[in-house]
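*Asks:* Okay, so here is entry.cif, and as you'll see once you scroll down, it has mmCIF, C-alpha atoms.
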```cif
data_run
#
loop_
_atom_site.label_atom_id
_atom_site.label_comp_id
_atom_site.auth_asym_id
_atom_site.auth_seq_id
_atom_site.Cartn_x
_atom_site.Cartn_y
_atom_site.Cartn_z
CA MET R 1 30.75 -49.28 154.86
CA ILE R 2 28.17 -47.25 156.72
CA LYS R 3 24.81 -48.17 158.16
CA PHE R 4 22.27 -45.55 159.18
CA ILE R 5 18.57 -44.92 159.70
CA HIS R 6 16.70 -42.21 157.83
CA CYS R 7 13.41 -41.10 159.37
CA ALA R 8 11.31 -37.94 159.29
CA ASP R 9 8.00 -36.43 160.37
CA LEU R 10 7.82 -38.11 163.75
CA HIS R 11 5.12 -35.64 164.88
CA LEU R 12 5.41 -36.99 168.40
CA ASP R 13 2.16 -36.76 170.35
CA ALA R 14 0.13 -35.73 167.27
CA PRO R 15 -3.64 -36.07 167.84
CA PHE R 16 -5.58 -38.61 165.76
CA LYS R 17 -8.44 -37.51 163.50
CA LEU R 18 -11.37 -39.89 164.02
CA ASN R 19 -15.10 -39.80 163.32
CA HIS R 20 -16.21 -41.42 166.57
CA TYR R 21 -15.28 -41.43 170.23
CA VAL R 22 -13.22 -44.41 171.33
CA SER R 23 -12.92 -46.19 174.67
CA ASP R 24 -10.37 -45.10 177.27
CA ALA R 25 -8.31 -48.23 176.55
CA ILE R 26 -8.07 -47.51 172.83
CA MET R 27 -7.45 -43.82 173.48
CA GLY R 28 -4.55 -44.81 175.73
CA ASP R 29 -2.99 -46.71 172.82
CA ILE R 30 -3.61 -43.78 170.47
CA ARG R 31 -1.88 -41.32 172.83
CA LYS R 32 1.27 -43.42 173.04
CA SER R 33 1.34 -44.59 169.41
CA SER R 34 3.93 -42.13 168.06
CA PHE R 35 6.12 -42.64 171.14
CA GLU R 36 5.99 -46.42 170.81
CA SER R 37 6.84 -46.18 167.13
CA PHE R 38 9.93 -44.09 167.84
CA ARG R 39 10.91 -46.35 170.73
CA ARG R 40 10.89 -49.29 168.30
CA LEU R 41 13.07 -47.31 165.90
CA VAL R 42 15.61 -46.60 168.65
CA THR R 43 15.61 -50.24 169.74
CA ASP R 44 16.23 -51.33 166.14
CA ALA R 45 19.06 -48.83 165.81
CA ILE R 46 20.76 -50.27 168.90
CA ASN R 47 20.25 -53.90 167.87
CA LEU R 48 21.40 -53.23 164.30
CA LYS R 49 24.42 -51.26 165.53
CA VAL R 50 23.86 -48.41 163.08
CA ASP R 51 26.37 -45.57 162.87
CA PHE R 52 23.81 -42.77 163.17
CA ILE R 53 20.19 -41.72 162.74
CA LEU R 54 19.02 -38.89 160.48
CA ILE R 55 15.78 -37.09 161.46
CA ALA R 56 14.75 -34.94 158.49
CA GLY R 57 12.39 -32.49 160.18
CA ASP R 58 9.09 -32.30 162.06
CA MET R 59 10.22 -34.23 165.11
CA PHE R 60 7.43 -32.54 167.07
CA ASP R 61 3.83 -31.75 166.27
CA SER R 62 2.96 -28.06 166.08
CA ARG R 63 -0.35 -28.65 167.89
CA ASN R 64 1.08 -30.47 170.89
CA GLN R 65 4.62 -29.94 172.20
CA SER R 66 4.53 -31.07 175.83
CA LEU R 67 7.26 -31.34 178.44
CA TRP R 68 6.65 -35.08 178.50
CA THR R 69 7.61 -35.25 174.80
CA MET R 70 10.90 -33.50 175.52
CA VAL R 71 11.66 -35.83 178.43
CA PHE R 72 10.81 -38.90 176.34
CA LEU R 73 13.12 -37.80 173.52
CA LYS R 74 15.98 -37.08 175.85
CA GLU R 75 15.63 -40.56 177.35
CA GLN R 76 15.69 -42.18 173.89
CA PHE R 77 18.68 -40.12 172.80
CA GLU R 78 20.49 -41.18 175.99
CA ARG R 79 19.83 -44.82 175.09
CA LEU R 80 21.47 -44.13 171.72
CA GLN R 81 24.37 -42.33 173.39
CA ASP R 82 25.02 -45.39 175.55
CA ALA R 83 25.21 -47.41 172.31
CA HIS R 84 27.55 -44.83 170.70
CA ILE R 85 25.00 -43.87 168.04
CA PHE R 86 24.83 -40.27 166.81
CA VAL R 87 21.62 -38.42 165.87
CA TYR R 88 21.54 -35.65 163.24
CA ILE R 89 18.42 -33.46 163.21
CA ILE R 90 17.10 -30.72 160.97
CA ARG R 91 14.04 -28.80 162.12
CA GLY R 92 10.90 -28.73 160.02
CA GLU R 93 7.84 -26.51 159.78
CA ALA R 94 6.16 -28.14 162.79
CA ASP R 95 9.22 -27.68 165.00
CA ASN R 96 9.43 -24.41 166.87
CA MET R 97 12.49 -23.00 168.57
CA LYS R 98 11.48 -24.19 172.01
CA TYR R 99 13.35 -27.47 171.95
CA SER R 100 16.54 -25.85 170.66
CA ARG R 101 17.05 -24.52 174.20
CA ILE R 102 17.05 -28.02 175.67
CA LYS R 103 20.43 -29.52 176.54
CA TRP R 104 20.44 -32.69 174.48
CA PRO R 105 23.00 -35.46 175.06
CA ALA R 106 26.37 -35.00 173.37
CA ASN R 107 25.52 -37.48 170.59
CA VAL R 108 22.71 -35.23 169.26
CA VAL R 109 23.47 -32.66 166.56
CA VAL R 110 20.79 -30.09 165.62
CA PHE R 111 21.54 -28.17 162.43
CA GLY R 112 21.24 -24.39 162.52
CA GLU R 113 19.36 -22.13 160.12
CA GLN R 114 22.41 -21.81 157.85
CA VAL R 115 23.78 -24.75 155.86
CA GLU R 116 26.22 -26.71 158.01
CA THR R 117 28.43 -29.75 157.42
CA TYR R 118 29.39 -32.36 160.00
CA GLU R 119 32.08 -34.97 159.53
CA PHE R 120 31.50 -38.48 160.82
CA ILE R 121 34.10 -41.26 160.83
CA THR R 122 32.81 -44.83 161.07
CA LYS R 123 34.37 -47.63 163.12
CA GLU R 124 36.03 -48.88 159.92
CA GLY R 125 37.48 -45.45 159.19
CA ASN R 126 35.06 -44.37 156.44
CA VAL R 127 34.57 -40.62 156.23
CA VAL R 128 31.01 -39.33 155.94
CA TYR R 129 29.96 -35.70 155.43
CA ILE R 130 26.40 -34.78 156.44
CA HIS R 131 25.07 -31.48 155.09
CA GLY R 132 21.87 -29.69 156.05
CA PHE R 133 20.04 -26.78 157.63
CA SER R 134 16.96 -26.32 159.79
CA TYR R 135 13.77 -24.94 158.31
CA LYS R 136 12.89 -21.33 158.96
CA GLU R 137 9.76 -19.58 157.71
CA HIS R 138 10.23 -17.67 154.45
CA THR R 139 13.51 -19.46 153.77
CA SER R 140 14.37 -19.77 150.06
CA TYR R 141 15.48 -23.31 149.19
CA GLU R 142 17.15 -22.00 146.05
CA ASN R 143 19.55 -19.86 148.08
CA LYS R 144 20.12 -22.62 150.63
CA LEU R 145 20.88 -25.28 148.02
CA GLU R 146 23.53 -23.02 146.55
CA GLN R 147 25.23 -23.09 149.96
CA TYR R 148 25.48 -26.90 150.07
CA PRO R 149 29.08 -27.83 149.21
CA THR R 150 29.60 -29.92 146.08
CA ASN R 151 31.14 -33.36 146.47
CA GLN R 152 34.67 -33.47 145.01
CA VAL R 153 34.22 -37.16 144.14
CA ASP R 154 36.60 -39.13 146.34
CA SER R 155 36.09 -42.13 148.61
CA SER R 156 34.16 -40.13 151.21
CA ILE R 157 30.36 -40.37 151.45
CA HIS R 158 28.18 -37.28 151.19
CA ILE R 159 24.64 -37.10 152.57
CA GLY R 160 22.30 -34.14 152.23
CA MET R 161 19.37 -33.48 154.56
CA LEU R 162 16.44 -31.34 153.44
CA HIS R 163 12.89 -30.73 154.67
CA GLY R 164 10.55 -29.50 151.94
CA THR R 165 8.59 -30.26 148.78
CA PHE R 166 10.19 -32.05 145.85
CA VAL R 167 9.12 -31.10 142.30
CA LYS R 168 10.09 -32.94 139.12
CA HIS R 169 11.49 -30.00 137.23
CA GLN R 170 13.40 -26.84 138.04
CA THR R 171 11.48 -25.03 140.74
CA GLU R 172 9.28 -22.08 139.95
CA ASN R 173 8.81 -21.40 143.64
CA PRO R 174 12.29 -21.61 145.21
CA LEU R 175 10.90 -20.46 148.55
CA THR R 176 9.33 -23.85 149.31
CA GLU R 177 10.31 -26.29 146.55
CA PHE R 178 13.36 -27.95 145.05
CA SER R 179 14.00 -30.20 142.04
CA GLN R 180 16.04 -33.30 141.34
CA GLU R 181 18.18 -31.27 138.97
CA GLU R 182 19.22 -29.04 141.87
CA LEU R 183 19.98 -32.03 144.10
CA ASN R 184 21.93 -33.89 141.42
CA GLU R 185 24.29 -30.96 140.98
CA LYS R 186 25.75 -31.61 144.43
CA LEU R 187 26.93 -35.15 143.49
CA TYR R 188 25.83 -36.58 146.84
CA HIS R 189 25.35 -40.28 147.48
CA TYR R 190 22.13 -39.92 149.48
CA TRP R 191 19.52 -37.21 150.04
CA ALA R 192 17.51 -37.65 153.26
CA LEU R 193 14.25 -35.77 152.70
CA GLY R 194 11.36 -34.99 155.02
CA HIS R 195 7.93 -33.31 154.92
CA ILE R 196 5.86 -35.79 152.85
CA HIS R 197 3.88 -38.25 154.99
CA GLU R 198 4.24 -41.14 152.60
CA ARG R 199 7.21 -43.24 151.59
CA ARG R 200 8.47 -42.06 148.22
CA LEU R 201 11.46 -43.06 146.11
CA ILE R 202 12.56 -40.09 144.02
CA SER R 203 15.75 -41.57 142.59
CA GLU R 204 18.19 -44.44 143.06
CA LEU R 205 21.06 -42.68 141.29
CA PRO R 206 21.68 -40.75 143.38
CA HIS R 207 19.54 -42.07 146.22
CA ILE R 208 16.81 -39.52 147.01
CA HIS R 209 14.15 -40.69 149.46
CA TYR R 210 11.21 -39.61 151.58
CA PRO R 211 10.75 -42.22 154.37
CA GLY R 212 7.22 -41.01 155.21
CA ASN R 213 6.11 -40.60 158.81
CA ILE R 214 6.66 -43.27 161.46
CA GLN R 215 3.02 -43.33 162.66
CA GLY R 216 -0.15 -42.34 160.78
CA SER R 217 -2.70 -40.08 162.45
CA ASN R 218 -5.68 -40.18 160.07
CA ILE R 219 -7.34 -42.32 157.40
CA GLY R 220 -5.42 -40.45 154.70
CA GLU R 221 -2.17 -41.98 156.01
CA LEU R 222 -2.75 -45.62 155.14
CA GLY R 223 -0.64 -48.70 155.64
CA LYS R 224 2.69 -49.40 157.23
CA LYS R 225 4.80 -46.52 158.50
CA GLY R 226 8.41 -46.52 159.57
CA TYR R 227 11.97 -45.70 158.58
CA LEU R 228 14.56 -46.45 155.90
CA LEU R 229 17.60 -48.56 156.78
CA VAL R 230 20.51 -47.59 154.55
CA GLU R 231 23.71 -49.58 154.18
CA GLY R 232 26.59 -49.21 151.72
CA ASP R 233 29.56 -47.13 150.63
CA HIS R 234 30.50 -44.44 148.11
CA VAL R 235 29.90 -46.91 145.25
CA SER R 236 26.47 -48.37 146.08
CA MET R 237 23.82 -48.33 148.79
CA ASP R 238 20.96 -50.64 149.75
CA VAL R 239 17.81 -49.01 151.11
CA VAL R 240 15.21 -51.10 152.98
CA PHE R 241 11.93 -49.94 154.52
CA VAL R 242 11.31 -51.12 158.10
CA PRO R 243 7.81 -50.63 159.61
CA THR R 244 7.49 -49.35 163.17
CA GLN R 245 3.87 -48.15 163.39
CA TYR R 246 2.03 -48.94 166.59
CA ILE R 247 -1.39 -48.48 164.98
CA ARG R 248 -2.20 -48.76 161.26
CA PHE R 249 -4.87 -46.92 159.28
CA GLU R 250 -6.49 -48.94 156.48
CA LYS R 251 -9.45 -49.04 154.11
CA ALA R 252 -11.30 -52.23 153.20
CA GLU R 253 -14.21 -53.34 151.03
CA LEU R 254 -16.45 -56.26 152.02
CA THR R 255 -18.93 -57.92 149.66
CA LEU R 256 -21.86 -59.07 151.77
CA THR R 257 -23.09 -62.67 151.69
CA ASP R 258 -26.52 -61.73 153.02
CA THR R 259 -28.46 -58.56 153.87
CA GLY R 260 -29.76 -59.66 157.26
CA LYS R 261 -28.44 -57.79 160.27
CA ASN R 262 -26.97 -60.91 161.92
CA ALA R 263 -25.31 -61.99 158.67
CA ILE R 264 -23.71 -58.58 158.12
CA TYR R 265 -22.55 -58.47 161.73
CA GLN R 266 -20.96 -61.90 161.28
CA ASP R 267 -19.20 -60.76 158.09
CA LEU R 268 -17.78 -57.78 159.97
CA THR R 269 -16.76 -59.92 162.95
CA ASP R 270 -15.00 -62.45 160.69
CA PHE R 271 -13.20 -59.60 158.95
CA LYS R 272 -12.02 -58.11 162.25
CA ASN R 273 -10.79 -61.45 163.58
CA GLU R 274 -8.86 -62.11 160.38
CA GLN R 275 -7.13 -58.71 160.58
CA ARG R 276 -6.40 -58.88 164.29
CA LYS R 277 -3.25 -60.97 163.82
CA TYR R 278 -1.67 -58.05 161.93
CA GLY R 279 -1.85 -55.70 164.92
CA LYS R 280 -3.86 -52.70 166.06
CA CYS R 281 -5.68 -50.97 163.22
CA ILE R 282 -8.28 -48.29 162.54
CA TYR R 283 -10.40 -49.07 159.50
CA GLN R 284 -12.73 -47.37 157.09
CA VAL R 285 -14.95 -50.18 155.75
CA ARG R 286 -17.14 -50.05 152.66
CA LEU R 287 -19.87 -52.71 152.43
CA VAL R 288 -20.88 -53.82 148.95
CA ASN R 289 -24.42 -55.14 148.62
CA ASP R 290 -25.01 -56.98 145.35
CA SER R 291 -28.45 -58.17 146.43
CA GLU R 292 -31.72 -56.61 145.32
CA GLN R 293 -32.71 -56.61 148.99
CA LEU R 294 -31.56 -53.16 150.08
CA ILE R 295 -30.12 -52.13 153.45
CA ASN R 296 -31.30 -49.02 155.24
CA GLN R 297 -29.15 -46.40 156.93
CA SER R 298 -30.48 -47.04 160.42
CA MET R 299 -29.33 -50.67 160.26
CA LEU R 300 -25.92 -49.52 159.11
CA GLU R 301 -25.57 -47.15 162.08
CA GLU R 302 -26.72 -49.86 164.49
CA LEU R 303 -24.17 -52.30 163.08
CA LEU R 304 -21.36 -49.76 163.44
CA THR R 305 -22.24 -49.24 167.10
CA LEU R 306 -22.22 -53.01 167.70
CA VAL R 307 -18.87 -53.72 166.05
CA GLN R 308 -17.28 -50.81 167.90
CA GLN R 309 -18.60 -51.93 171.29
CA TYR R 310 -16.87 -55.30 171.09
CA GLU R 311 -13.42 -53.78 170.48
CA THR R 312 -13.19 -51.91 173.76
CA HIS R 313 -10.96 -54.40 175.57
CA GLU R 314 -9.21 -56.16 172.67
CA GLN R 315 -5.41 -56.13 172.88
CA ASN R 316 -5.07 -55.90 169.09
CA PHE R 317 -8.17 -53.83 168.40
CA ILE R 318 -9.68 -53.50 164.93
CA TRP R 319 -11.60 -50.25 165.26
CA ILE R 320 -14.05 -49.54 162.43
CA ASP R 321 -14.27 -45.76 162.51
CA GLN R 322 -16.43 -45.40 159.43
CA LEU R 323 -18.88 -47.80 157.79
CA THR R 324 -20.25 -46.93 154.34
CA LEU R 325 -22.49 -48.77 151.93
CA SER R 326 -22.59 -49.36 148.19
CA GLN R 327 -25.75 -51.02 146.93
CA GLN R 328 -25.26 -52.22 143.37
CA HIS R 329 -28.97 -52.78 142.76
CA ASP R 330 -30.11 -49.55 144.37
CA VAL R 331 -31.19 -48.26 140.98
CA THR R 332 -34.27 -46.17 140.39
CA THR R 333 -36.98 -47.12 137.98
CA LEU R 334 -39.50 -44.30 138.33
CA ASN R 335 -37.84 -42.32 135.58
CA GLN R 336 -38.26 -45.31 133.30
CA GLU R 337 -42.04 -44.99 133.75
CA PHE R 338 -41.96 -41.58 132.08
CA ASP R 339 -41.31 -41.10 128.40
CA SER R 340 -39.25 -38.14 127.24
CA ASP R 341 -42.37 -36.12 126.41
CA SER R 342 -43.67 -36.53 129.94
CA LEU R 343 -40.29 -35.61 131.48
CA ASN R 344 -40.20 -32.44 129.39
CA ASP R 345 -43.83 -31.51 130.06
CA GLU R 346 -43.53 -28.37 132.22
CA ARG R 347 -47.23 -28.45 133.05
CA LEU R 348 -47.00 -31.89 134.70
CA TYR R 349 -43.83 -30.82 136.49
CA SER R 350 -45.43 -27.61 137.84
CA GLU R 351 -48.59 -29.40 138.94
CA ALA R 352 -46.56 -31.98 140.88
CA LEU R 353 -44.53 -29.34 142.73
CA SER R 354 -47.11 -26.60 143.19
CA PRO R 355 -48.54 -27.95 146.50
CA LEU R 356 -45.10 -27.62 148.07
CA TYR R 357 -44.44 -24.13 146.73
CA HIS R 358 -47.86 -22.90 147.87
CA ASP R 359 -47.37 -24.21 151.37
CA GLN R 360 -46.27 -21.30 153.61
CA THR R 361 -44.42 -23.63 155.97
CA PHE R 362 -42.20 -25.31 153.40
CA SER R 363 -41.93 -22.88 150.48
CA ARG R 364 -39.41 -20.59 152.18
CA PHE R 365 -36.94 -23.49 152.38
CA LEU R 366 -37.17 -24.42 148.69
CA ASP R 367 -34.91 -23.38 145.82
CA ASN R 368 -36.17 -22.32 142.42
CA PHE R 369 -37.68 -25.51 140.95
CA GLU R 370 -36.70 -24.43 137.44
CA THR R 371 -33.08 -25.25 138.28
CA PHE R 372 -33.81 -28.83 139.36
CA ASP R 373 -32.80 -31.89 137.33
CA LYS R 374 -36.08 -33.78 136.79
CA LYS R 375 -34.45 -37.19 136.50
CA GLU R 376 -32.47 -36.63 139.68
CA LEU R 377 -35.65 -35.64 141.53
CA LEU R 378 -37.29 -38.90 140.48
CA ASP R 379 -34.23 -40.88 141.56
CA ILE R 380 -34.19 -39.20 144.98
CA GLY R 381 -37.93 -39.71 145.38
CA GLU R 382 -37.70 -43.40 144.63
CA ARG R 383 -34.82 -43.94 147.04
CA ARG R 384 -36.82 -42.18 149.77
CA ILE R 385 -39.89 -44.31 149.08
CA LYS R 386 -37.85 -47.52 149.15
CA GLY R 387 -36.20 -46.42 152.39
CA ARG R 388 -39.59 -45.76 153.99
CA MET R 389 -40.85 -49.17 152.85
CA ARG R 390 -37.80 -50.94 154.33
CA ASP R 391 -38.06 -49.03 157.62
CA ASP R 392 -41.77 -49.80 157.90
CA GLY R 393 -41.07 -53.47 157.17
#
```
So, in terms of structure tokens, how does the structure I just supplied come out?
*Replies:*
Amino acid sequence: MIKFIHCADLHLDAPFKLNHYVSDAIMGDIRKSSFESFRRLVTDAINLKVDFILIAGDMFDSRNQSLWTMVFLKEQFERLQDAHIFVYIIRGEADNMKYSRIKWPANVVVFGEQVETYEFITKEGNVVYIHGFSYKEHTSYENKLEQYPTNQVDSSIHIGMLHGTFVKHQTENPLTEFSQEELNEKLYHYWALGHIHERRLISELPHIHYPGNIQGSNIGELGKKGYLLVEGDHVSMDVVFVPTQYIRFEKAELTLTDTGKNAIYQDLTDFKNEQRKYGKCIYQVRLVNDSEQLINQSMLEELLTLVQQYETHEQNFIWIDQLTLSQQHDVTTLNQEFDSDSLNDERLYSEALSPLYHDQTFSRFLDNFETFDKKELLDIGERRIKGRMRDDG
């Protein structure tokens, strides 16, 4: 039996992509999020007494590779060394050669640019072969996969590590892509992939997995992030996802109970308090207004400022980074006042627009009115009128 952790795309110290400035307290949590996520992974590895950890590329972030990151990693690897846990690493696109010059602890193995194989013997005497290579620009995966040795089908366990893009069928671009057909030919028990920032099961026979990244950094990386815990032998393996993220990114939709400012603020507050028990999170929230009483943009911006202000000192903050609005009854009716003959009457259309096009101040900013959609112009006009009426009210 073997037990190991498969992770990838740590992107330690990667900057977050947000729409608004956050408080110093929240920014402090953001800066340490990827480090805390990896620290949790290492703690789990020690507590679970795993045999080794596989890191399938992009341990660093190409935009930010600080000395502090190197020191942090060395400390975590030393914790693993004390627990007799090995670490096998392949470099990815975001990893440069700088960290290859660092003297890692003896339990850390970094694969070179050519395919290499390392033998690992478990406490129970099981033999494991780990195959892989580190990414290098302009490397052809087709040529590299040919260099992976084929399993001779005995009681040993074979694991392949690869950082790149999986495609369903035989690759047409062997420089950057590989297919399941190519992986299957090696008769391995497990393929530890990296590069895709979402958890993805490619196959269970053989096991081919992307674990996703351990910590999201933008609203496109939603939900729980973490690693895969793998346990089994040369006959079967169990693969379980374990979350480690320090901060989640999520999207949510709220149907409003009322269109008053205080009522909407209360809806948002109730939502935040309900989510707070699940940990720190950055949200993109879409409000749905089913009422005929419409909400203006200025109120929306004011509400966003208010709900952000009250998160500054929350331990488990729920930061709403974007607040959008869908108004189901924000339909226009002006176009319904015009029959088809009126809409197609070029004379009426020209007379309505001519004051604008004859005005020297505005005309230079206007496009050719012949290209405009008349119905769309009416819709825009009505929304503007309604907005003005709400603001004036």
*Asks:* Report as JSON lines: every residue of stretch 65-184 of chain R with an atom at most 12 Å from stretch 219-232 of chain R, its closest pair of atoms, and their distance in Å to one decimal, counting only C-alpha atoms, with rows sorted by chain and ascending residue number.
*Replies:*
```
{"residue": "R:Asn126", "atom": "CA", "partner": "R:Gly232", "partner_atom": "CA", "distance": 10.8}
{"residue": "R:Val128", "atom": "CA", "partner": "R:Gly232", "partner_atom": "CA", "distance": 11.6}
{"residue": "R:Ser156", "atom": "CA", "partner": "R:Gly232", "partner_atom": "CA", "distance": 11.8}
{"residue": "R:Ile157", "atom": "CA", "partner": "R:Gly232", "partner_atom": "CA", "distance": 9.6}
{"residue": "R:Ile159", "atom": "CA", "partner": "R:Val230", "partner_atom": "CA", "distance": 11.4}
```
*Asks:* Keeping only C-alpha atoms, write those residues as a short mmCIF file (atom, residue, chain, number, x, y, z; two decimals), keeping the file's coordinate frame.
*Replies:*
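Listed below is the output, again-v5.cif:
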```cif
data_model
loop_
_atom_site.label_atom_id
_atom_site.label_comp_id
_atom_site.auth_asym_id
_atom_site.auth_seq_id
_atom_site.Cartn_x
_atom_site.Cartn_y
_atom_site.Cartn_z
CA ASN R 126 35.06 -44.37 156.44
CA VAL R 128 31.01 -39.33 155.94
CA SER R 156 34.16 -40.13 151.21
CA ILE R 157 30.36 -40.37 151.45
CA ILE R 159 24.64 -37.10 152.57
#
```
*Asks:* When you count only C-alpha atoms, which of these residues is closest to R:Tyr246: R:Gly216, R:Gly260, R:Pro206, R:Gly194?
*Replies:* R:Gly216
*Asks:* Find the spatial neighbours of R:Thr312, counting all atoms listed in the file, within a cut-off of 8 Å - ignore same-chain residues fewer than 5 positions away - and output them as a PyMOL selection string.
*Replies:* chain R and resi 22-23+25-26+317
*Asks:* Could you expand the PyMOL selection byres ((chain R and resi 187) around 12) into the explicit residues it covers here, written as a VMD selection string?
*Replies:* chain R and resid 148 to 154 156 to 160 180 to 186 188 to 191 205 to 208 234
*Asks:* Pull out every residue that the PyMOL selection byres ((chain R and resi 300-302) around 10) matches in the shown coordinates and put them as a list of chain:residue names.
*Replies:*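 Answer for the PyMOL selection byres ((chain R and resi 300-302) around 10): R:Lys261, R:Ile264, R:Tyr265, R:Leu287, R:Ile295, R:Asn296, R:Gln297, R:Ser298, R:Met299, R:Leu303, R:Leu304, R:Thr305, R:Leu306, R:Val307, R:Gln322, R:Leu323, R:Thr324, R:Leu325.
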*Asks:* Kindly save the residues from that selection, with C-alpha atoms included, as a PDB file, keeping the file's coordinate frame.
*Replies:*
```pdb
ATOM      1  CA  LYS R 261     -28.440 -57.790 160.270  1.00  0.00           C
ATOM      2  CA  ILE R 264     -23.710 -58.580 158.120  1.00  0.00           C
ATOM      3  CA  TYR R 265     -22.550 -58.470 161.730  1.00  0.00           C
ATOM      4  CA  LEU R 287     -19.870 -52.710 152.430  1.00  0.00           C
ATOM      5  CA  ILE R 295     -30.120 -52.130 153.450  1.00  0.00           C
ATOM      6  CA  ASN R 296     -31.300 -49.020 155.240  1.00  0.00           C
ATOM      7  CA  GLN R 297     -29.150 -46.400 156.930  1.00  0.00           C
ATOM      8  CA  SER R 298     -30.480 -47.040 160.420  1.00  0.00           C
ATOM      9  CA  MET R 299     -29.330 -50.670 160.260  1.00  0.00           C
ATOM     10  CA  LEU R 303     -24.170 -52.300 163.080  1.00  0.00           C
ATOM     11  CA  LEU R 304     -21.360 -49.760 163.440  1.00  0.00           C
ATOM     12  CA  THR R 305     -22.240 -49.240 167.100  1.00  0.00           C
ATOM     13  CA  LEU R 306     -22.220 -53.010 167.700  1.00  0.00           C
ATOM     14  CA  VAL R 307     -18.870 -53.720 166.050  1.00  0.00           C
ATOM     15  CA  GLN R 322     -16.430 -45.400 159.430  1.00  0.00           C
ATOM     16  CA  LEU R 323     -18.880 -47.800 157.790  1.00  0.00           C
ATOM     17  CA  THR R 324     -20.250 -46.930 154.340  1.00  0.00           C
ATOM     18  CA  LEU R 325     -22.490 -48.770 151.930  1.00  0.00           C
TER      19      LEU R 325
END
```
*Asks:* Once the PyMOL selection byres ((chain R and resi 165) around 7) has been evaluated on this model, what residues remain selected, and can you format them as a ChimeraX atom specification?
*Replies:* /R:164,166-167,176-178,195
*Asks:* What's the 9 Å shell around R:Pro105, counting all atoms listed in the file, without same-chain residues fewer than 6 positions away, as number ranges by chain?
*Replies:* R: 74, 77-78, 81
*Asks:* So, with all atoms listed in the file as the atoms that count, which of R:Glu351, R:Lys136, R:Phe52, R:Phe72 lies closest to R:Val108?
*Replies:*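 Checking each of R:Glu351, R:Lys136, R:Phe52, R:Phe72 against R:Val108, counting all atoms listed in the file, the winner is R:Phe52.
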*Asks:* Take every atom of stretch 79-93 of chain R listed in the file, fit an axis-aligned box around them, add 8 Å per side, and give the centre and edge lengths in Å to one decimal as lines of an AutoDock Vina configuration file.
*Replies:*
```
center_x = 17.7
center_y = -37.0
center_z = 167.7
size_x = 35.7
size_y = 36.9
size_z = 31.8
```
*Asks:* Figure out the distance between atom CA of R:Glu250 and atom CA of R:Ser34, please, to one decimal in Å.
*Replies:*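 Rounded to one decimal, the two atoms are 17.0 Å apart.
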*Asks:* Using atom CA of R:Phe35 and atom CA of R:Thr69 as the two end points, give the distance in Å to one decimal.
*Replies:*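 About the pair atom CA of R:Phe35 and atom CA of R:Thr69: they are 8.4 Å apart.
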*Asks:* Report, in Å to a single decimal, how far apart atom CA of R:Ile2 and atom CA of R:Val235 are.
*Replies:* 11.6 Å
*Asks:* In terms of the shortest atom-to-atom distance over all atoms listed in the file, which of R:Asp258, R:Asp270, R:Glu292, R:Glu75 is closest to R:Gln327?
*Replies:*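 Using all atoms listed in the file, R:Gln327 sits closest to R:Glu292.
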